[in-house]
Amino acid sequence: MKIFKNSCSLDCFDVCKIDVYKEDNKVIKLEGSKENSLTDGFLCSKGLKHLNRLYDENRILKPLLKVGEGFKEISFEDSLTILKDRLVDIKNNYSTDSIIHYSESGAGGLLKGIHDVFFNFLGGISIPSGGTCWAAGCAAHDYDFGGRKTSDLEDMKNARVIILWSRNPAVTSIHLYKKLIELKKLGIKIVTIDFRDNETSMISDLHINVKGGSDGALALALSKLVFEKDLIDYNFSKNNIIGFDKFEHYLNSISLNDLLDDCGVSEDELLKLLDFISLGNIMTFIGYGLQRYINGGNSVRAIDALMSITGNVGKSGAGVFYSSKIYPEVLDRDPYGSSNFSKNSREFPITKFNEFVENNEIKAIFISKANPLNQLPDLNRTLKAYNSIPFKVCFDMFLTDTAKNSDLIIPVTNTLESEDIIYSSMLMPSLMYNEKVVEPYDFRMDEFEFFKELAKYIDLKEYPQVSKVEYLNKVLTPLNVTVDDLKKEDINIQKGYIAWEDKKFKTPSGKIEIYSESALNDGAEPMPIFLKATKGDEFYPIRLVTPHCKNSLFNQHVEDIDDISKIYISSENLGEFKEGDTVVVSSKNGSIHSQLKIDNTLKKDEAYIFMQWSKKQGNPNFLTPSLSSDIGGQVAYYDTFVSIEKKNS
Ligand code: SF4
């Protein structure tokens, strides 16, 4: 038996280090590595499923070509010829920007993103801007601090209070959760804030249940009290903040009662929360849920402002963390200058996918590391727009809802079948090398090799016909390390790092910009303000939120089993129904069938369905509208309002 080193390639905060056991040319077991202090010998069920997916009997191993209503297997050579003919035709007779490439984070790894390089060399294509995951919060931190940084997690032990604001690590970042349990034993206080009692709030010292879309109002209410109770760090604010006076002036102009009314929090609860903040050394981890509203960027900016005026930025034991964009800034991610060839590239907002397809002569779409026909909002219209595109190519391991609607499916490798370099921009601080453990069915299932072949077929002369190691070594050059170095040990350039400790913020002024001219120039509010949460109407009164669940992380892994989605509601919305009933959930955009569950920690007119359902099971994205957040072009999924009705028998 031999043990290989790998790491989890799912789009997860933790990016666990994995020991892979191989015997008789077969992977027999995955185990969390003890080498990595965050992984600490433990993998969650989602990571363990890499092995199930490797040998899953439903895995696609050969290219599939749509024929009538079904698919037929074809050879890799035939798939390459089909792609060559279509791409050359588009290049010669139209423009390459009539091709859309839609990619997400379904498989981490530098080489799994080689599609972008290929399409640049092809001449540039159309790609979506904004995002489905974290875009509004990213834009908020970029305006406020000029970037996104997280301190070394070891520094958590120097905090007095850790706030998890719309973040639920017990489900989405299990190793952070384990750390929290240890820190609690040391006397560090844990505060959770969410629209419901979540799995992490079970261990918190204080939980605040805030109405959906009103996190910004809560942060402003706290800031108002921080001024009133003189909890400001004046020295820090004077030296490091632009817009301090304007912010104070603005807070004086709004009413505390209006803010509290919006967020559904009592003054008593607010004072309790303030007591924790007054302890100092506050470390706040912001989740991605609170920015999936049309006021989501403003909410993140309001939290940033609160933590800035109280001096909880740029010092040990404190910080306001959203993500950690460190490696993308230091690696050479385009080592062969592909972007110089990308003359025809253009962007369109992802929230306008349907209009973009409807109003432009789109000739082809390529999907990689994604399942947009599960993930995008307003799926009835999106499905129609997708199917109107004459040539649809999907790279995937399984027949997802997107693959089923495509004309050509190209199989890809499992993370255990490809070498790669992995890092996270969310939490885990290491850069890691993934060994290839077993050979794939065909070497061209590896995207790096497939696109090299395709570039040869199309005669893209400048395309780098190099080995993976040669390619990766170039990517690593700025760090002055090689693949061989990474094979020996992981790199952690964030060890001992305290985010913004040098107080050199990367904003235009070099300071924290609570008031941001850049935001104003972009047509956004320059400062966080009171943007009330939206409300439903008499026909669709219930807000629907769609958070991540414990068992499934990415919509490419949605299991098409015989089950039906579950909608959690407050008992105040139960009416004529009882728990367990199957109902029709409708919005202005569509309807699904779902089974009723009660969660009494929900407020009236709030509901949630976890994101884990395929079309036939009742995917809630058939209900979500295609709205954009205030900044960053984030899909505002959580501004969905629904009604619940009887199912026709
Ligand atoms: S999904 Fe996250 S927690 Fe689970 S094994 Fe992968 S990286 Fe670790």
# chains A, B, ... in the order shown; residues from 1 in each chain; ligands from 1
$ closest_atom_pairs --of "chain A" --to "ligand 1" --cutoff "9 Å" --atoms "only C-alpha atoms and all ligand atoms" --output "CSV"
residue,atom,partner,partner_atom_place_in_ligand_line,distance
A:Ser7,CA,ligand 1,7 (S),7.5
A:Cys8,CA,ligand 1,6 (Fe),4.6
A:Ser9,CA,ligand 1,6 (Fe),6.7
A:Leu10,CA,ligand 1,6 (Fe),5.6
A:Asp11,CA,ligand 1,1 (S),7.2
A:Cys12,CA,ligand 1,2 (Fe),4.5
A:Phe13,CA,ligand 1,2 (Fe),6.2
A:Asp14,CA,ligand 1,7 (S),4.5
A:Val15,CA,ligand 1,7 (S),3.6
A:Cys16,CA,ligand 1,8 (Fe),4.1
A:Lys17,CA,ligand 1,8 (Fe),7.5
A:Ile18,CA,ligand 1,5 (S),8.0
A:Gly32,CA,ligand 1,5 (S),7.6
A:Thr39,CA,ligand 1,8 (Fe),7.0
A:Phe42,CA,ligand 1,8 (Fe),7.6
A:Leu43,CA,ligand 1,5 (S),4.3
A:Cys44,CA,ligand 1,4 (Fe),4.0
A:Ser45,CA,ligand 1,4 (Fe),6.3
A:Lys46,CA,ligand 1,1 (S),4.9
A:Gly47,CA,ligand 1,5 (S),3.4
A:Leu48,CA,ligand 1,5 (S),6.4
A:Lys49,CA,ligand 1,5 (S),8.6
A:His50,CA,ligand 1,6 (Fe),8.8
A:Val171,CA,ligand 1,3 (S),8.8
A:Thr172,CA,ligand 1,2 (Fe),7.2
A:Ser173,CA,ligand 1,3 (S),5.8
A:Ile174,CA,ligand 1,3 (S),5.5
A:His175,CA,ligand 1,3 (S),6.6
A:Met428,CA,ligand 1,7 (S),8.9
A:Ser552,CA,ligand 1,1 (S),8.4
A:Leu553,CA,ligand 1,1 (S),6.8
$ residues_around --residues "Asn573 in chain A" --least-positions-apart "2" --cutoff "12 Å" --atoms "only C-alpha atoms" --output "list in words"
Pro541, Ile542, Arg543, Ile567, Tyr568, Ile569, Ser570, Ser571, Gly575, Glu576, Phe577, Lys578, Glu579, Leu596, Lys597, Ile598, Asp599, Asn600, Leu602, Lys603, Lys604, Asp605, Glu606, Ala607, Val642, Ser643, Ile644 and Glu645 of chain A
$ write_last_selection --atoms "N, CA and C atoms" --output "PDB file, in the first residue's frame"
ATOM      1  N   PRO A 541     -45.694  36.633  -0.028  1.00  0.00           N
ATOM      2  CA  PRO A 541     -45.277  37.339   1.195  1.00  0.00           C
ATOM      3  C   PRO A 541     -44.010  36.793   1.869  1.00  0.00           C
ATOM      4  N   ILE A 542     -43.592  35.556   1.516  1.00  0.00           N
ATOM      5  CA  ILE A 542     -42.552  34.891   2.326  1.00  0.00           C
ATOM      6  C   ILE A 542     -41.183  34.991   1.645  1.00  0.00           C
ATOM      7  N   ARG A 543     -40.212  35.539   2.383  1.00  0.00           N
ATOM      8  CA  ARG A 543     -38.855  35.596   1.825  1.00  0.00           C
ATOM      9  C   ARG A 543     -38.232  34.197   1.834  1.00  0.00           C
ATOM     10  N   ILE A 567     -38.812  22.610   2.318  1.00  0.00           N
ATOM     11  CA  ILE A 567     -38.866  24.037   2.621  1.00  0.00           C
ATOM     12  C   ILE A 567     -39.147  24.209   4.107  1.00  0.00           C
ATOM     13  N   TYR A 568     -38.265  24.945   4.785  1.00  0.00           N
ATOM     14  CA  TYR A 568     -38.409  25.199   6.218  1.00  0.00           C
ATOM     15  C   TYR A 568     -39.135  26.521   6.405  1.00  0.00           C
ATOM     16  N   ILE A 569     -40.222  26.491   7.178  1.00  0.00           N
ATOM     17  CA  ILE A 569     -40.985  27.713   7.421  1.00  0.00           C
ATOM     18  C   ILE A 569     -41.238  27.878   8.918  1.00  0.00           C
ATOM     19  N   SER A 570     -41.672  29.068   9.287  1.00  0.00           N
ATOM     20  CA  SER A 570     -42.084  29.317  10.666  1.00  0.00           C
ATOM     21  C   SER A 570     -43.479  28.699  10.855  1.00  0.00           C
ATOM     22  N   SER A 571     -43.774  28.227  12.049  1.00  0.00           N
ATOM     23  CA  SER A 571     -45.110  27.655  12.262  1.00  0.00           C
ATOM     24  C   SER A 571     -46.187  28.730  12.066  1.00  0.00           C
ATOM     25  N   GLY A 575     -50.549  27.773   8.531  1.00  0.00           N
ATOM     26  CA  GLY A 575     -51.936  27.879   8.064  1.00  0.00           C
ATOM     27  C   GLY A 575     -52.634  26.532   8.072  1.00  0.00           C
ATOM     28  N   GLU A 576     -53.212  26.180   6.910  1.00  0.00           N
ATOM     29  CA  GLU A 576     -53.999  24.939   6.805  1.00  0.00           C
ATOM     30  C   GLU A 576     -53.129  23.684   6.695  1.00  0.00           C
ATOM     31  N   PHE A 577     -51.802  23.871   6.568  1.00  0.00           N
ATOM     32  CA  PHE A 577     -50.934  22.708   6.310  1.00  0.00           C
ATOM     33  C   PHE A 577     -50.410  22.099   7.596  1.00  0.00           C
ATOM     34  N   LYS A 578     -49.823  20.915   7.433  1.00  0.00           N
ATOM     35  CA  LYS A 578     -49.100  20.326   8.561  1.00  0.00           C
ATOM     36  C   LYS A 578     -47.707  19.911   8.080  1.00  0.00           C
ATOM     37  N   GLU A 579     -46.806  19.772   9.030  1.00  0.00           N
ATOM     38  CA  GLU A 579     -45.436  19.401   8.681  1.00  0.00           C
ATOM     39  C   GLU A 579     -45.446  18.090   7.906  1.00  0.00           C
ATOM     40  N   LEU A 596     -42.983  20.422   3.359  1.00  0.00           N
ATOM     41  CA  LEU A 596     -42.940  21.402   4.454  1.00  0.00           C
ATOM     42  C   LEU A 596     -42.230  20.859   5.682  1.00  0.00           C
ATOM     43  N   LYS A 597     -41.356  21.708   6.240  1.00  0.00           N
ATOM     44  CA  LYS A 597     -40.710  21.426   7.527  1.00  0.00           C
ATOM     45  C   LYS A 597     -40.858  22.672   8.369  1.00  0.00           C
ATOM     46  N   ILE A 598     -40.888  22.501   9.673  1.00  0.00           N
ATOM     47  CA  ILE A 598     -41.023  23.683  10.538  1.00  0.00           C
ATOM     48  C   ILE A 598     -39.691  23.983  11.213  1.00  0.00           C
ATOM     49  N   ASP A 599     -39.312  25.246  11.189  1.00  0.00           N
ATOM     50  CA  ASP A 599     -38.164  25.721  11.967  1.00  0.00           C
ATOM     51  C   ASP A 599     -38.676  26.912  12.766  1.00  0.00           C
ATOM     52  N   ASN A 600     -38.890  26.693  14.047  1.00  0.00           N
ATOM     53  CA  ASN A 600     -39.497  27.758  14.861  1.00  0.00           C
ATOM     54  C   ASN A 600     -38.526  28.855  15.238  1.00  0.00           C
ATOM     55  N   LEU A 602     -37.304  30.589  12.902  1.00  0.00           N
ATOM     56  CA  LEU A 602     -37.518  31.545  11.803  1.00  0.00           C
ATOM     57  C   LEU A 602     -38.550  32.579  12.210  1.00  0.00           C
ATOM     58  N   LYS A 603     -38.394  33.773  11.646  1.00  0.00           N
ATOM     59  CA  LYS A 603     -39.422  34.786  11.859  1.00  0.00           C
ATOM     60  C   LYS A 603     -40.560  34.520  10.876  1.00  0.00           C
ATOM     61  N   LYS A 604     -41.738  35.100  11.184  1.00  0.00           N
ATOM     62  CA  LYS A 604     -42.875  34.959  10.262  1.00  0.00           C
ATOM     63  C   LYS A 604     -42.455  35.503   8.889  1.00  0.00           C
ATOM     64  N   ASP A 605     -42.944  34.861   7.858  1.00  0.00           N
ATOM     65  CA  ASP A 605     -42.665  35.270   6.472  1.00  0.00           C
ATOM     66  C   ASP A 605     -41.199  35.112   6.077  1.00  0.00           C
ATOM     67  N   GLU A 606     -40.501  34.169   6.732  1.00  0.00           N
ATOM     68  CA  GLU A 606     -39.153  33.821   6.268  1.00  0.00           C
ATOM     69  C   GLU A 606     -39.080  32.303   6.123  1.00  0.00           C
ATOM     70  N   ALA A 607     -38.389  31.867   5.096  1.00  0.00           N
ATOM     71  CA  ALA A 607     -38.285  30.427   4.830  1.00  0.00           C
ATOM     72  C   ALA A 607     -36.924  30.138   4.210  1.00  0.00           C
ATOM     73  N   VAL A 642     -42.048  34.204  -1.976  1.00  0.00           N
ATOM     74  CA  VAL A 642     -42.849  33.074  -2.456  1.00  0.00           C
ATOM     75  C   VAL A 642     -44.181  32.974  -1.721  1.00  0.00           C
ATOM     76  N   SER A 643     -45.046  32.165  -2.315  1.00  0.00           N
ATOM     77  CA  SER A 643     -46.288  31.778  -1.629  1.00  0.00           C
ATOM     78  C   SER A 643     -46.274  30.254  -1.511  1.00  0.00           C
ATOM     79  N   ILE A 644     -47.065  29.752  -0.593  1.00  0.00           N
ATOM     80  CA  ILE A 644     -47.155  28.300  -0.410  1.00  0.00           C
ATOM     81  C   ILE A 644     -48.612  27.897  -0.612  1.00  0.00           C
ATOM     82  N   GLU A 645     -48.835  27.002  -1.543  1.00  0.00           N
ATOM     83  CA  GLU A 645     -50.210  26.607  -1.849  1.00  0.00           C
ATOM     84  C   GLU A 645     -50.353  25.090  -1.856  1.00  0.00           C
TER      85      GLU A 645
END
$ residues_around --residues "range 324-339 of chain A" --least-positions-apart "3" --cutoff "6 Å" --atoms "only C-alpha atoms" --output "count of residues only"
12
$ residues_around --residues "Ile409 in chain A" --least-positions-apart "3" --cutoff "8 Å" --atoms "only C-alpha atoms" --output "PyMOL selection string"
chain A and resi 63-65+393-396+403+406
$ closest_residue --among "A:Ser424, A:Asn434, A:Asn240, A:Thr400" --to "Lys487 in chain A" --atoms "only C-alpha atoms"
A:Asn434
$ residues_around --residues "range 219-230 of chain A" --least-positions-apart "3" --cutoff "7 Å" --atoms "only C-alpha atoms" --output "JSON list (two decimals) with N, CA and C atoms, in the first residue's frame"
[["chain", "number", "residue", "atom", "x", "y", "z"],
["A", 215, "ASP", "N", -28.89, 42.97, 7.87],
["A", 215, "ASP", "CA", -27.61, 42.93, 8.60],
["A", 215, "ASP", "C", -26.96, 44.31, 8.62],
["A", 216, "GLY", "N", -27.13, 45.05, 7.53],
["A", 216, "GLY", "CA", -26.57, 46.41, 7.46],
["A", 216, "GLY", "C", -27.23, 47.30, 8.49],
["A", 251, "LEU", "N", -25.02, 58.89, 10.95],
["A", 251, "LEU", "CA", -25.66, 58.08, 11.99],
["A", 251, "LEU", "C", -26.57, 58.93, 12.88],
["A", 256, "LEU", "N", -32.68, 55.08, 15.72],
["A", 256, "LEU", "CA", -32.36, 53.74, 16.22],
["A", 256, "LEU", "C", -33.58, 52.83, 16.12],
["A", 259, "LEU", "N", -34.01, 51.47, 12.67],
["A", 259, "LEU", "CA", -33.02, 50.42, 12.37],
["A", 259, "LEU", "C", -33.43, 49.11, 13.06],
["A", 274, "LEU", "N", -23.67, 44.80, 22.19],
["A", 274, "LEU", "CA", -22.72, 45.90, 22.41],
["A", 274, "LEU", "C", -21.79, 45.59, 23.58],
["A", 302, "ALA", "N", -21.15, 48.23, 6.04],
["A", 302, "ALA", "CA", -21.58, 48.72, 7.36],
["A", 302, "ALA", "C", -20.85, 47.95, 8.47],
["A", 303, "ILE", "N", -20.65, 46.65, 8.28],
["A", 303, "ILE", "CA", -19.91, 45.86, 9.29],
["A", 303, "ILE", "C", -18.44, 46.31, 9.30],
["A", 306, "LEU", "N", -18.22, 49.51, 11.25],
["A", 306, "LEU", "CA", -18.34, 49.27, 12.70],
["A", 306, "LEU", "C", -17.02, 48.79, 13.29]]
$ decode --residues "range 434-459 of chain A" --atoms "C-alpha atoms" --output "mmCIF file, in the first residue's frame"
data_model
loop_
_atom_site.group_PDB
_atom_site.id
_atom_site.type_symbol
_atom_site.label_atom_id
_atom_site.label_comp_id
_atom_site.auth_asym_id
_atom_site.auth_seq_id
_atom_site.Cartn_x
_atom_site.Cartn_y
_atom_site.Cartn_z
ATOM 1 C CA ASN A 434 -1.720 17.390 -5.386
ATOM 2 C CA GLU A 435 -0.165 14.176 -6.632
ATOM 3 C CA LYS A 436 -1.765 12.159 -9.391
ATOM 4 C CA VAL A 437 -2.817 8.958 -7.622
ATOM 5 C CA VAL A 438 -4.349 6.883 -10.422
ATOM 6 C CA GLU A 439 -4.463 7.132 -14.211
ATOM 7 C CA PRO A 440 -7.675 8.383 -15.800
ATOM 8 C CA TYR A 441 -9.533 6.309 -18.386
ATOM 9 C CA ASP A 442 -8.025 8.507 -21.137
ATOM 10 C CA PHE A 443 -5.218 11.055 -20.723
ATOM 11 C CA ARG A 444 -7.353 13.659 -22.538
ATOM 12 C CA MET A 445 -9.902 13.626 -19.703
ATOM 13 C CA ASP A 446 -7.393 15.821 -17.963
ATOM 14 C CA GLU A 447 -8.398 19.346 -19.056
ATOM 15 C CA PHE A 448 -4.764 20.464 -19.351
ATOM 16 C CA GLU A 449 -4.059 17.679 -21.849
ATOM 17 C CA PHE A 450 -7.397 18.046 -23.643
ATOM 18 C CA PHE A 451 -6.847 21.721 -24.416
ATOM 19 C CA LYS A 452 -3.281 21.082 -25.537
ATOM 20 C CA GLU A 453 -4.691 18.602 -28.028
ATOM 21 C CA LEU A 454 -7.448 20.965 -29.123
ATOM 22 C CA ALA A 455 -4.920 23.779 -29.619
ATOM 23 C CA LYS A 456 -2.969 21.426 -31.929
ATOM 24 C CA TYR A 457 -6.113 20.530 -33.878
ATOM 25 C CA ILE A 458 -6.914 24.238 -34.363
ATOM 26 C CA ASP A 459 -3.286 25.105 -34.999
#
